[in-house]
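Pasting final_23.cif here (mmCIF, N, CA, C and O atoms):
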```cif
data_final
#
loop_
_atom_site.group_PDB
_atom_site.id
_atom_site.type_symbol
_atom_site.label_atom_id
_atom_site.label_comp_id
_atom_site.auth_asym_id
_atom_site.auth_seq_id
_atom_site.Cartn_x
_atom_site.Cartn_y
_atom_site.Cartn_z
ATOM 1 N N MET A 645 -4.541 -37.966 -28.336
ATOM 2 C CA MET A 645 -4.949 -36.763 -27.686
ATOM 3 C C MET A 645 -4.313 -35.584 -28.388
ATOM 4 O O MET A 645 -3.349 -35.745 -29.124
ATOM 5 N N LEU A 646 -4.882 -34.431 -28.152
ATOM 6 C CA LEU A 646 -4.384 -33.230 -28.815
ATOM 7 C C LEU A 646 -3.672 -32.328 -27.822
ATOM 8 O O LEU A 646 -4.188 -32.032 -26.750
ATOM 9 N N GLN A 647 -2.482 -31.897 -28.208
ATOM 10 C CA GLN A 647 -1.698 -31.005 -27.356
ATOM 11 C C GLN A 647 -1.411 -29.720 -28.110
ATOM 12 O O GLN A 647 -0.986 -29.737 -29.268
ATOM 13 N N HIS A 648 -1.655 -28.603 -27.437
ATOM 14 C CA HIS A 648 -1.362 -27.291 -28.004
ATOM 15 C C HIS A 648 0.136 -27.049 -27.960
ATOM 16 O O HIS A 648 0.850 -27.617 -27.128
ATOM 17 N N LYS A 649 0.630 -26.182 -28.824
ATOM 18 C CA LYS A 649 2.064 -25.918 -28.857
ATOM 19 C C LYS A 649 2.570 -25.298 -27.557
ATOM 20 O O LYS A 649 3.745 -25.354 -27.252
ATOM 21 N N GLU A 650 1.660 -24.738 -26.737
ATOM 22 C CA GLU A 650 2.047 -24.177 -25.440
ATOM 23 C C GLU A 650 2.066 -25.235 -24.331
ATOM 24 O O GLU A 650 2.381 -24.932 -23.194
ATOM 25 N N GLY A 651 1.678 -26.483 -24.656
ATOM 26 C CA GLY A 651 1.826 -27.579 -23.721
ATOM 27 C C GLY A 651 0.553 -28.147 -23.126
ATOM 28 O O GLY A 651 0.563 -29.256 -22.627
ATOM 29 N N TYR A 652 -0.542 -27.407 -23.133
ATOM 30 C CA TYR A 652 -1.769 -27.945 -22.543
ATOM 31 C C TYR A 652 -2.494 -28.845 -23.535
ATOM 32 O O TYR A 652 -2.227 -28.820 -24.729
ATOM 33 N N PHE A 653 -3.404 -29.657 -23.013
ATOM 34 C CA PHE A 653 -4.207 -30.580 -23.814
ATOM 35 C C PHE A 653 -5.648 -30.085 -23.830
ATOM 36 O O PHE A 653 -6.046 -29.301 -22.971
ATOM 37 N N ILE A 654 -6.448 -30.559 -24.800
ATOM 38 C CA ILE A 654 -7.868 -30.214 -24.803
ATOM 39 C C ILE A 654 -8.703 -31.483 -24.890
ATOM 40 O O ILE A 654 -8.286 -32.476 -25.466
ATOM 41 N N ASP A 655 -9.898 -31.400 -24.276
ATOM 42 C CA ASP A 655 -10.833 -32.513 -24.392
ATOM 43 C C ASP A 655 -11.803 -32.234 -25.532
ATOM 44 O O ASP A 655 -11.719 -31.198 -26.208
ATOM 45 N N ILE A 656 -12.738 -33.130 -25.748
ATOM 46 C CA ILE A 656 -13.643 -33.018 -26.889
ATOM 47 C C ILE A 656 -14.564 -31.802 -26.798
ATOM 48 O O ILE A 656 -15.078 -31.319 -27.793
ATOM 49 N N ALA A 657 -14.746 -31.256 -25.595
ATOM 50 C CA ALA A 657 -15.570 -30.056 -25.416
ATOM 51 C C ALA A 657 -14.732 -28.785 -25.494
ATOM 52 O O ALA A 657 -15.242 -27.689 -25.297
ATOM 53 N N GLY A 658 -13.442 -28.922 -25.779
ATOM 54 C CA GLY A 658 -12.572 -27.764 -25.911
ATOM 55 C C GLY A 658 -11.995 -27.258 -24.604
ATOM 56 O O GLY A 658 -11.343 -26.220 -24.580
ATOM 57 N N ASN A 659 -12.204 -27.980 -23.507
ATOM 58 C CA ASN A 659 -11.656 -27.579 -22.208
ATOM 59 C C ASN A 659 -10.167 -27.883 -22.143
ATOM 60 O O ASN A 659 -9.729 -28.937 -22.578
ATOM 61 N N MET A 660 -9.404 -26.956 -21.573
ATOM 62 C CA MET A 660 -7.962 -27.124 -21.459
ATOM 63 C C MET A 660 -7.592 -27.844 -20.170
ATOM 64 O O MET A 660 -8.247 -27.673 -19.156
ATOM 65 N N SER A 661 -6.514 -28.640 -20.233
ATOM 66 C CA SER A 661 -6.011 -29.344 -19.062
ATOM 67 C C SER A 661 -4.522 -29.614 -19.247
ATOM 68 O O SER A 661 -4.066 -29.877 -20.356
ATOM 69 N N THR A 662 -3.790 -29.546 -18.150
ATOM 70 C CA THR A 662 -2.375 -29.920 -18.211
ATOM 71 C C THR A 662 -2.193 -31.404 -17.920
ATOM 72 O O THR A 662 -1.109 -31.941 -18.102
ATOM 73 N N ASP A 663 -3.263 -32.074 -17.487
ATOM 74 C CA ASP A 663 -3.230 -33.500 -17.166
ATOM 75 C C ASP A 663 -3.734 -34.303 -18.369
ATOM 76 O O ASP A 663 -4.923 -34.327 -18.652
ATOM 77 N N PHE A 664 -2.844 -34.978 -19.058
ATOM 78 C CA PHE A 664 -3.243 -35.701 -20.260
ATOM 79 C C PHE A 664 -4.183 -36.869 -19.960
ATOM 80 O O PHE A 664 -4.882 -37.342 -20.847
ATOM 81 N N MET A 665 -4.238 -37.323 -18.718
ATOM 82 C CA MET A 665 -5.136 -38.426 -18.374
ATOM 83 C C MET A 665 -6.598 -37.982 -18.294
ATOM 84 O O MET A 665 -7.491 -38.798 -18.239
ATOM 85 N N ARG A 666 -6.851 -36.699 -18.308
ATOM 86 C CA ARG A 666 -8.212 -36.175 -18.188
ATOM 87 C C ARG A 666 -8.815 -35.735 -19.518
ATOM 88 O O ARG A 666 -9.913 -35.207 -19.546
ATOM 89 N N VAL A 667 -8.112 -35.935 -20.596
ATOM 90 C CA VAL A 667 -8.617 -35.462 -21.882
ATOM 91 C C VAL A 667 -9.007 -36.620 -22.797
ATOM 92 O O VAL A 667 -8.715 -37.775 -22.525
ATOM 93 N N THR A 668 -9.662 -36.282 -23.881
ATOM 94 C CA THR A 668 -10.181 -37.265 -24.829
ATOM 95 C C THR A 668 -9.062 -37.984 -25.551
ATOM 96 O O THR A 668 -8.082 -37.376 -25.963
ATOM 97 N N ARG A 669 -9.244 -39.284 -25.722
ATOM 98 C CA ARG A 669 -8.321 -40.069 -26.529
ATOM 99 C C ARG A 669 -9.063 -40.525 -27.782
ATOM 100 O O ARG A 669 -10.096 -41.170 -27.686
ATOM 101 N N TRP A 670 -8.535 -40.165 -28.927
ATOM 102 C CA TRP A 670 -9.145 -40.571 -30.183
ATOM 103 C C TRP A 670 -8.530 -41.878 -30.647
ATOM 104 O O TRP A 670 -7.398 -42.204 -30.309
ATOM 105 N N HIS A 671 -9.266 -42.609 -31.472
ATOM 106 C CA HIS A 671 -8.802 -43.912 -31.929
ATOM 107 C C HIS A 671 -7.957 -43.846 -33.191
ATOM 108 O O HIS A 671 -7.155 -44.724 -33.449
ATOM 109 N N ASN A 672 -8.148 -42.803 -33.992
ATOM 110 C CA ASN A 672 -7.375 -42.707 -35.230
ATOM 111 C C ASN A 672 -7.304 -41.260 -35.710
ATOM 112 O O ASN A 672 -8.004 -40.386 -35.201
ATOM 113 N N ILE A 673 -6.468 -41.023 -36.666
ATOM 114 C CA ILE A 673 -6.227 -39.667 -37.169
ATOM 115 C C ILE A 673 -7.458 -39.073 -37.846
ATOM 116 O O ILE A 673 -7.658 -37.861 -37.817
ATOM 117 N N GLU A 674 -8.308 -39.913 -38.420
ATOM 118 C CA GLU A 674 -9.522 -39.404 -39.059
ATOM 119 C C GLU A 674 -10.446 -38.743 -38.040
ATOM 120 O O GLU A 674 -11.041 -37.704 -38.312
ATOM 121 N N GLU A 675 -10.566 -39.352 -36.854
ATOM 122 C CA GLU A 675 -11.390 -38.756 -35.798
ATOM 123 C C GLU A 675 -10.822 -37.412 -35.350
ATOM 124 O O GLU A 675 -11.567 -36.466 -35.101
ATOM 125 N N ILE A 676 -9.517 -37.325 -35.253
ATOM 126 C CA ILE A 676 -8.879 -36.067 -34.863
ATOM 127 C C ILE A 676 -9.130 -34.997 -35.915
ATOM 128 O O ILE A 676 -9.500 -33.865 -35.595
ATOM 129 N N ASN A 677 -8.940 -35.344 -37.167
ATOM 130 C CA ASN A 677 -9.172 -34.375 -38.242
ATOM 131 C C ASN A 677 -10.625 -33.933 -38.305
ATOM 132 O O ASN A 677 -10.908 -32.750 -38.527
ATOM 133 N N ASP A 678 -11.552 -34.870 -38.112
ATOM 134 C CA ASP A 678 -12.973 -34.500 -38.074
ATOM 135 C C ASP A 678 -13.228 -33.487 -36.968
ATOM 136 O O ASP A 678 -13.945 -32.503 -37.162
ATOM 137 N N TYR A 679 -12.670 -33.720 -35.815
ATOM 138 C CA TYR A 679 -12.862 -32.811 -34.693
ATOM 139 C C TYR A 679 -12.244 -31.443 -34.978
ATOM 140 O O TYR A 679 -12.888 -30.411 -34.812
ATOM 141 N N LEU A 680 -11.001 -31.434 -35.416
ATOM 142 C CA LEU A 680 -10.298 -30.165 -35.629
ATOM 143 C C LEU A 680 -10.875 -29.333 -36.761
ATOM 144 O O LEU A 680 -10.951 -28.104 -36.663
ATOM 145 N N TYR A 681 -11.255 -29.979 -37.841
ATOM 146 C CA TYR A 681 -11.610 -29.223 -39.045
ATOM 147 C C TYR A 681 -13.084 -29.249 -39.409
ATOM 148 O O TYR A 681 -13.517 -28.490 -40.279
ATOM 149 N N ARG A 682 -13.890 -30.082 -38.741
ATOM 150 C CA ARG A 682 -15.312 -30.148 -39.102
ATOM 151 C C ARG A 682 -16.262 -29.832 -37.951
ATOM 152 O O ARG A 682 -17.417 -29.522 -38.188
ATOM 153 N N SER A 683 -15.789 -29.927 -36.728
ATOM 154 C CA SER A 683 -16.644 -29.636 -35.580
ATOM 155 C C SER A 683 -16.874 -28.133 -35.500
ATOM 156 O O SER A 683 -15.934 -27.343 -35.479
ATOM 157 N N LYS A 684 -18.126 -27.734 -35.468
ATOM 158 C CA LYS A 684 -18.442 -26.306 -35.474
ATOM 159 C C LYS A 684 -18.596 -25.730 -34.075
ATOM 160 O O LYS A 684 -18.517 -24.529 -33.900
ATOM 161 N N HIS A 685 -18.815 -26.584 -33.079
ATOM 162 C CA HIS A 685 -19.122 -26.060 -31.758
ATOM 163 C C HIS A 685 -17.939 -26.040 -30.798
ATOM 164 O O HIS A 685 -17.801 -25.110 -30.016
ATOM 165 N N TYR A 686 -17.113 -27.046 -30.825
ATOM 166 C CA TYR A 686 -16.075 -27.172 -29.800
ATOM 167 C C TYR A 686 -14.642 -27.138 -30.317
ATOM 168 O O TYR A 686 -13.716 -27.034 -29.527
ATOM 169 N N ALA A 687 -14.446 -27.258 -31.574
ATOM 170 C CA ALA A 687 -13.084 -27.310 -32.117
ATOM 171 C C ALA A 687 -12.355 -25.990 -31.876
ATOM 172 O O ALA A 687 -12.974 -24.923 -31.854
ATOM 173 N N PRO A 688 -11.053 -26.044 -31.683
ATOM 174 C CA PRO A 688 -10.297 -24.813 -31.484
ATOM 175 C C PRO A 688 -10.276 -23.964 -32.761
ATOM 176 O O PRO A 688 -10.387 -24.487 -33.870
ATOM 177 N N THR A 689 -10.126 -22.671 -32.575
ATOM 178 C CA THR A 689 -10.090 -21.764 -33.727
ATOM 179 C C THR A 689 -8.730 -21.769 -34.420
ATOM 180 O O THR A 689 -8.599 -21.227 -35.506
ATOM 181 N N ASP A 690 -7.744 -22.392 -33.790
ATOM 182 C CA ASP A 690 -6.381 -22.437 -34.342
ATOM 183 C C ASP A 690 -5.866 -23.872 -34.442
ATOM 184 O O ASP A 690 -4.882 -24.231 -33.804
ATOM 185 N N PRO A 691 -6.496 -24.721 -35.238
ATOM 186 C CA PRO A 691 -6.106 -26.135 -35.278
ATOM 187 C C PRO A 691 -4.651 -26.367 -35.691
ATOM 188 O O PRO A 691 -4.060 -27.390 -35.343
ATOM 189 N N GLU A 692 -4.062 -25.432 -36.365
ATOM 190 C CA GLU A 692 -2.666 -25.588 -36.790
ATOM 191 C C GLU A 692 -1.690 -25.557 -35.613
ATOM 192 O O GLU A 692 -0.532 -25.946 -35.743
ATOM 193 N N ASN A 693 -2.154 -25.110 -34.457
ATOM 194 C CA ASN A 693 -1.304 -25.041 -33.269
ATOM 195 C C ASN A 693 -1.396 -26.283 -32.383
ATOM 196 O O ASN A 693 -0.865 -26.291 -31.280
ATOM 197 N N TYR A 694 -2.073 -27.316 -32.861
ATOM 198 C CA TYR A 694 -2.233 -28.562 -32.107
ATOM 199 C C TYR A 694 -1.541 -29.704 -32.829
ATOM 200 O O TYR A 694 -1.416 -29.692 -34.049
ATOM 201 N N ARG A 695 -1.126 -30.679 -32.051
ATOM 202 C CA ARG A 695 -0.559 -31.892 -32.640
ATOM 203 C C ARG A 695 -1.109 -33.101 -31.894
ATOM 204 O O ARG A 695 -1.439 -33.024 -30.704
ATOM 205 N N ALA A 696 -1.212 -34.192 -32.604
ATOM 206 C CA ALA A 696 -1.689 -35.443 -32.004
ATOM 207 C C ALA A 696 -0.546 -36.074 -31.224
ATOM 208 O O ALA A 696 0.596 -36.071 -31.667
ATOM 209 N N ARG A 697 -0.867 -36.599 -30.047
ATOM 210 C CA ARG A 697 0.117 -37.271 -29.209
ATOM 211 C C ARG A 697 -0.386 -38.659 -28.874
ATOM 212 O O ARG A 697 -1.557 -38.853 -28.600
ATOM 213 N N LYS A 698 0.512 -39.632 -28.867
ATOM 214 C CA LYS A 698 0.176 -41.001 -28.475
ATOM 215 C C LYS A 698 0.482 -41.186 -26.992
ATOM 216 O O LYS A 698 1.367 -40.538 -26.449
ATOM 217 N N VAL A 699 -0.260 -42.090 -26.374
ATOM 218 C CA VAL A 699 -0.041 -42.428 -24.968
ATOM 219 C C VAL A 699 0.391 -43.886 -24.888
ATOM 220 O O VAL A 699 -0.185 -44.744 -25.541
ATOM 221 N N LYS A 700 1.385 -44.133 -24.085
ATOM 222 C CA LYS A 700 1.846 -45.494 -23.857
ATOM 223 C C LYS A 700 1.583 -45.818 -22.388
ATOM 224 O O LYS A 700 2.120 -45.173 -21.491
ATOM 225 N N ALA A 701 0.735 -46.796 -22.142
ATOM 226 C CA ALA A 701 0.423 -47.216 -20.775
ATOM 227 C C ALA A 701 1.343 -48.354 -20.381
ATOM 228 O O ALA A 701 1.494 -49.321 -21.122
ATOM 229 N N THR A 702 1.961 -48.232 -19.234
ATOM 230 C CA THR A 702 2.827 -49.291 -18.725
ATOM 231 C C THR A 702 2.425 -49.631 -17.293
ATOM 232 O O THR A 702 1.930 -48.789 -16.559
ATOM 233 N N TYR A 703 2.643 -50.870 -16.919
ATOM 234 C CA TYR A 703 2.342 -51.339 -15.581
ATOM 235 C C TYR A 703 3.562 -52.059 -15.045
ATOM 236 O O TYR A 703 4.256 -52.747 -15.778
ATOM 237 N N GLU A 704 3.818 -51.874 -13.764
ATOM 238 C CA GLU A 704 4.921 -52.590 -13.139
ATOM 239 C C GLU A 704 4.595 -52.832 -11.675
ATOM 240 O O GLU A 704 3.824 -52.080 -11.070
ATOM 241 N N LEU A 705 5.170 -53.878 -11.120
ATOM 242 C CA LEU A 705 4.988 -54.177 -9.707
ATOM 243 C C LEU A 705 5.811 -53.211 -8.878
ATOM 244 O O LEU A 705 6.935 -52.861 -9.253
ATOM 245 N N GLU A 706 5.278 -52.792 -7.731
ATOM 246 C CA GLU A 706 5.998 -51.853 -6.874
ATOM 247 C C GLU A 706 7.154 -52.513 -6.144
ATOM 248 O O GLU A 706 8.197 -51.921 -5.966
ATOM 249 N N ASP A 707 6.936 -53.720 -5.672
ATOM 250 C CA ASP A 707 8.006 -54.457 -5.005
ATOM 251 C C ASP A 707 7.734 -55.951 -5.161
ATOM 252 O O ASP A 707 6.722 -56.346 -5.698
ATOM 253 N N GLU A 708 8.639 -56.752 -4.647
ATOM 254 C CA GLU A 708 8.473 -58.185 -4.807
ATOM 255 C C GLU A 708 8.016 -58.875 -3.527
ATOM 256 O O GLU A 708 8.027 -60.086 -3.441
ATOM 257 N N THR A 709 7.618 -58.118 -2.516
ATOM 258 C CA THR A 709 7.130 -58.715 -1.282
ATOM 259 C C THR A 709 5.622 -58.896 -1.372
ATOM 260 O O THR A 709 4.912 -58.062 -1.916
ATOM 261 N N TYR A 710 5.143 -60.013 -0.852
ATOM 262 C CA TYR A 710 3.716 -60.278 -0.840
ATOM 263 C C TYR A 710 3.428 -61.286 0.259
ATOM 264 O O TYR A 710 4.303 -61.980 0.729
ATOM 265 N N GLU A 711 2.165 -61.316 0.646
ATOM 266 C CA GLU A 711 1.744 -62.286 1.641
ATOM 267 C C GLU A 711 1.086 -63.458 0.934
ATOM 268 O O GLU A 711 0.461 -63.290 -0.105
ATOM 269 N N HIS A 712 1.229 -64.619 1.528
ATOM 270 C CA HIS A 712 0.569 -65.790 0.967
ATOM 271 C C HIS A 712 -0.932 -65.589 1.084
ATOM 272 O O HIS A 712 -1.433 -65.052 2.077
ATOM 273 N N LEU A 713 -1.691 -65.991 0.092
ATOM 274 C CA LEU A 713 -3.135 -65.791 0.083
ATOM 275 C C LEU A 713 -3.841 -66.405 1.280
ATOM 276 O O LEU A 713 -4.864 -65.905 1.738
ATOM 277 N N SER A 714 -3.300 -67.470 1.843
ATOM 278 C CA SER A 714 -3.944 -68.112 2.995
ATOM 279 C C SER A 714 -3.867 -67.237 4.245
ATOM 280 O O SER A 714 -4.620 -67.423 5.182
ATOM 281 N N LYS A 715 -2.980 -66.243 4.276
ATOM 282 C CA LYS A 715 -2.838 -65.362 5.447
ATOM 283 C C LYS A 715 -3.738 -64.124 5.347
ATOM 284 O O LYS A 715 -3.840 -63.382 6.296
ATOM 285 N N ILE A 716 -4.356 -63.910 4.221
ATOM 286 C CA ILE A 716 -5.218 -62.742 4.039
ATOM 287 C C ILE A 716 -6.636 -63.099 4.452
ATOM 288 O O ILE A 716 -7.175 -64.111 4.064
ATOM 289 N N ASP A 717 -7.246 -62.253 5.296
ATOM 290 C CA ASP A 717 -8.626 -62.510 5.758
ATOM 291 C C ASP A 717 -9.630 -62.332 4.656
ATOM 292 O O ASP A 717 -9.655 -61.474 3.907
#
```
Can you turn what I pasted into structure tokens?
Amino acid sequence: MLQHKEGYFIDIAGNMSTDFMRVTRWHNIEEINDYLYRSKHYAPTDPENYRARKVKATYELEDETYEHLSKID
């Protein structure tokens, strides 16, 4: 994803958001460069002020209590 130096993120249509979960995730640096430097309609006018950011998704259990499956309707 792309983050502006002021902290907000942008999606592929150039919309700003502070929530990184709502913006476009690119698969590789070539896609980002194509968007920043070759897109004529939506790319920002100041691509030098953006940087690519990686997202790390993690999952964890909330607690260790659970009901036996036979007790669930």
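Atom to atom, atom CA of A:Phe664 and atom CA of A:Leu646 stand 9.0 Å apart.
Minimum distance to A:Arg666 across A:Ala701, A:Tyr681, A:Thr689, A:Ile654 (counting only N, CA, C and O atoms) occurs at A:Ile654.
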>> Taking 6 positions as the minimum chain separation for residues in the same chain, which residues sit within 12 Å of A:Glu675 when counting only C-alpha atoms? Answer as a count of residues only.
In response: 9
Which of chain A DSSP labels alpha helix (DSSP H), written as a PyMOL selection string: chain A and resi 673-682
How would the residues just picked look written out with N, CA, C and O atoms as a compact mmCIF listing (two decimals), in the coordinates of the input?
```txt
# COMPACT_ATOMS: atom_id res chain seq x y z
N ILE A 673 -6.47 -41.02 -36.67
CA ILE A 673 -6.23 -39.67 -37.17
C ILE A 673 -7.46 -39.07 -37.85
O ILE A 673 -7.66 -37.86 -37.82
N GLU A 674 -8.31 -39.91 -38.42
CA GLU A 674 -9.52 -39.40 -39.06
C GLU A 674 -10.45 -38.74 -38.04
O GLU A 674 -11.04 -37.70 -38.31
N GLU A 675 -10.57 -39.35 -36.85
CA GLU A 675 -11.39 -38.76 -35.80
C GLU A 675 -10.82 -37.41 -35.35
O GLU A 675 -11.57 -36.47 -35.10
N ILE A 676 -9.52 -37.33 -35.25
CA ILE A 676 -8.88 -36.07 -34.86
C ILE A 676 -9.13 -35.00 -35.92
O ILE A 676 -9.50 -33.86 -35.60
N ASN A 677 -8.94 -35.34 -37.17
CA ASN A 677 -9.17 -34.38 -38.24
C ASN A 677 -10.62 -33.93 -38.30
O ASN A 677 -10.91 -32.75 -38.53
N ASP A 678 -11.55 -34.87 -38.11
CA ASP A 678 -12.97 -34.50 -38.07
C ASP A 678 -13.23 -33.49 -36.97
O ASP A 678 -13.94 -32.50 -37.16
N TYR A 679 -12.67 -33.72 -35.82
CA TYR A 679 -12.86 -32.81 -34.69
C TYR A 679 -12.24 -31.44 -34.98
O TYR A 679 -12.89 -30.41 -34.81
N LEU A 680 -11.00 -31.43 -35.42
CA LEU A 680 -10.30 -30.16 -35.63
C LEU A 680 -10.88 -29.33 -36.76
O LEU A 680 -10.95 -28.10 -36.66
N TYR A 681 -11.26 -29.98 -37.84
CA TYR A 681 -11.61 -29.22 -39.04
C TYR A 681 -13.08 -29.25 -39.41
O TYR A 681 -13.52 -28.49 -40.28
N ARG A 682 -13.89 -30.08 -38.74
CA ARG A 682 -15.31 -30.15 -39.10
C ARG A 682 -16.26 -29.83 -37.95
O ARG A 682 -17.42 -29.52 -38.19
```
From chain A, collect each residue whose DSSP state is strand (DSSP E or B) and return the set as a PDB file with N, CA, C and O atoms, in the coordinates of the input.
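Once everything was written out, this is selection.pdb:
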```pdb
ATOM      1  N   LEU A 646      -4.882 -34.431 -28.152  1.00  0.00           N
ATOM      2  CA  LEU A 646      -4.384 -33.230 -28.815  1.00  0.00           C
ATOM      3  C   LEU A 646      -3.672 -32.328 -27.822  1.00  0.00           C
ATOM      4  O   LEU A 646      -4.188 -32.032 -26.750  1.00  0.00           O
ATOM      5  N   GLN A 647      -2.482 -31.897 -28.208  1.00  0.00           N
ATOM      6  CA  GLN A 647      -1.698 -31.005 -27.356  1.00  0.00           C
ATOM      7  C   GLN A 647      -1.411 -29.720 -28.110  1.00  0.00           C
ATOM      8  O   GLN A 647      -0.986 -29.737 -29.268  1.00  0.00           O
ATOM      9  N   HIS A 648      -1.655 -28.603 -27.437  1.00  0.00           N
ATOM     10  CA  HIS A 648      -1.362 -27.291 -28.004  1.00  0.00           C
ATOM     11  C   HIS A 648       0.136 -27.049 -27.960  1.00  0.00           C
ATOM     12  O   HIS A 648       0.850 -27.617 -27.128  1.00  0.00           O
ATOM     13  N   PHE A 653      -3.404 -29.657 -23.013  1.00  0.00           N
ATOM     14  CA  PHE A 653      -4.207 -30.580 -23.814  1.00  0.00           C
ATOM     15  C   PHE A 653      -5.648 -30.085 -23.830  1.00  0.00           C
ATOM     16  O   PHE A 653      -6.046 -29.301 -22.971  1.00  0.00           O
ATOM     17  N   ILE A 654      -6.448 -30.559 -24.800  1.00  0.00           N
ATOM     18  CA  ILE A 654      -7.868 -30.214 -24.803  1.00  0.00           C
ATOM     19  C   ILE A 654      -8.703 -31.483 -24.890  1.00  0.00           C
ATOM     20  O   ILE A 654      -8.286 -32.476 -25.466  1.00  0.00           O
ATOM     21  N   MET A 660      -9.404 -26.956 -21.573  1.00  0.00           N
ATOM     22  CA  MET A 660      -7.962 -27.124 -21.459  1.00  0.00           C
ATOM     23  C   MET A 660      -7.592 -27.844 -20.170  1.00  0.00           C
ATOM     24  O   MET A 660      -8.247 -27.673 -19.156  1.00  0.00           O
ATOM     25  N   SER A 661      -6.514 -28.640 -20.233  1.00  0.00           N
ATOM     26  CA  SER A 661      -6.011 -29.344 -19.062  1.00  0.00           C
ATOM     27  C   SER A 661      -4.522 -29.614 -19.247  1.00  0.00           C
ATOM     28  O   SER A 661      -4.066 -29.877 -20.356  1.00  0.00           O
ATOM     29  N   TYR A 694      -2.073 -27.316 -32.861  1.00  0.00           N
ATOM     30  CA  TYR A 694      -2.233 -28.562 -32.107  1.00  0.00           C
ATOM     31  C   TYR A 694      -1.541 -29.704 -32.829  1.00  0.00           C
ATOM     32  O   TYR A 694      -1.416 -29.692 -34.049  1.00  0.00           O
ATOM     33  N   ARG A 695      -1.126 -30.679 -32.051  1.00  0.00           N
ATOM     34  CA  ARG A 695      -0.559 -31.892 -32.640  1.00  0.00           C
ATOM     35  C   ARG A 695      -1.109 -33.101 -31.894  1.00  0.00           C
ATOM     36  O   ARG A 695      -1.439 -33.024 -30.704  1.00  0.00           O
ATOM     37  N   ALA A 696      -1.212 -34.192 -32.604  1.00  0.00           N
ATOM     38  CA  ALA A 696      -1.689 -35.443 -32.004  1.00  0.00           C
ATOM     39  C   ALA A 696      -0.546 -36.074 -31.224  1.00  0.00           C
ATOM     40  O   ALA A 696       0.596 -36.071 -31.667  1.00  0.00           O
TER      41      ALA A 696
END
```
Let me have the centre and edge lengths of the axis-aligned box enclosing all listed atoms of stretch 660-678 of chain A with 3 Å padding on every side, in Å to one decimal, as lines of an AutoDock Vina configuration file.
```
center_x = -7.5
center_y = -35.8
center_z = -28.1
size_x = 18.8
size_y = 23.8
size_z = 27.9
```
Skipping near chain neighbours, those fewer than 4 positions away, what residues fall within 10 Å of A:Ser661 using only C-alpha atoms, listed as a PDB file with N, CA, C and O atoms, in the frame of the given file?
```pdb
ATOM      1  N   GLN A 647      -2.482 -31.897 -28.208  1.00  0.00           N
ATOM      2  CA  GLN A 647      -1.698 -31.005 -27.356  1.00  0.00           C
ATOM      3  C   GLN A 647      -1.411 -29.720 -28.110  1.00  0.00           C
ATOM      4  O   GLN A 647      -0.986 -29.737 -29.268  1.00  0.00           O
ATOM      5  N   GLY A 651       1.678 -26.483 -24.656  1.00  0.00           N
ATOM      6  CA  GLY A 651       1.826 -27.579 -23.721  1.00  0.00           C
ATOM      7  C   GLY A 651       0.553 -28.147 -23.126  1.00  0.00           C
ATOM      8  O   GLY A 651       0.563 -29.256 -22.627  1.00  0.00           O
ATOM      9  N   TYR A 652      -0.542 -27.407 -23.133  1.00  0.00           N
ATOM     10  CA  TYR A 652      -1.769 -27.945 -22.543  1.00  0.00           C
ATOM     11  C   TYR A 652      -2.494 -28.845 -23.535  1.00  0.00           C
ATOM     12  O   TYR A 652      -2.227 -28.820 -24.729  1.00  0.00           O
ATOM     13  N   PHE A 653      -3.404 -29.657 -23.013  1.00  0.00           N
ATOM     14  CA  PHE A 653      -4.207 -30.580 -23.814  1.00  0.00           C
ATOM     15  C   PHE A 653      -5.648 -30.085 -23.830  1.00  0.00           C
ATOM     16  O   PHE A 653      -6.046 -29.301 -22.971  1.00  0.00           O
ATOM     17  N   ILE A 654      -6.448 -30.559 -24.800  1.00  0.00           N
ATOM     18  CA  ILE A 654      -7.868 -30.214 -24.803  1.00  0.00           C
ATOM     19  C   ILE A 654      -8.703 -31.483 -24.890  1.00  0.00           C
ATOM     20  O   ILE A 654      -8.286 -32.476 -25.466  1.00  0.00           O
ATOM     21  N   ASP A 655      -9.898 -31.400 -24.276  1.00  0.00           N
ATOM     22  CA  ASP A 655     -10.833 -32.513 -24.392  1.00  0.00           C
ATOM     23  C   ASP A 655     -11.803 -32.234 -25.532  1.00  0.00           C
ATOM     24  O   ASP A 655     -11.719 -31.198 -26.208  1.00  0.00           O
ATOM     25  N   MET A 665      -4.238 -37.323 -18.718  1.00  0.00           N
ATOM     26  CA  MET A 665      -5.136 -38.426 -18.374  1.00  0.00           C
ATOM     27  C   MET A 665      -6.598 -37.982 -18.294  1.00  0.00           C
ATOM     28  O   MET A 665      -7.491 -38.798 -18.239  1.00  0.00           O
ATOM     29  N   ARG A 666      -6.851 -36.699 -18.308  1.00  0.00           N
ATOM     30  CA  ARG A 666      -8.212 -36.175 -18.188  1.00  0.00           C
ATOM     31  C   ARG A 666      -8.815 -35.735 -19.518  1.00  0.00           C
ATOM     32  O   ARG A 666      -9.913 -35.207 -19.546  1.00  0.00           O
ATOM     33  N   VAL A 667      -8.112 -35.935 -20.596  1.00  0.00           N
ATOM     34  CA  VAL A 667      -8.617 -35.462 -21.882  1.00  0.00           C
ATOM     35  C   VAL A 667      -9.007 -36.620 -22.797  1.00  0.00           C
ATOM     36  O   VAL A 667      -8.715 -37.775 -22.525  1.00  0.00           O
TER      37      VAL A 667
END
```
The PyMOL selection byres ((chain A and resi 686) around 6) applied to the shown file, residues as an MDAnalysis selection string: chainID A and resid 655:658 679 683:685 687:688
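The coordinates place atom CA of A:Asp678 at 29.0 Å from atom CA of A:Thr702.
Our summary of the geometry notes that atom C of A:Glu704 is positioned 28.3 Å from atom CA of A:Asn672.
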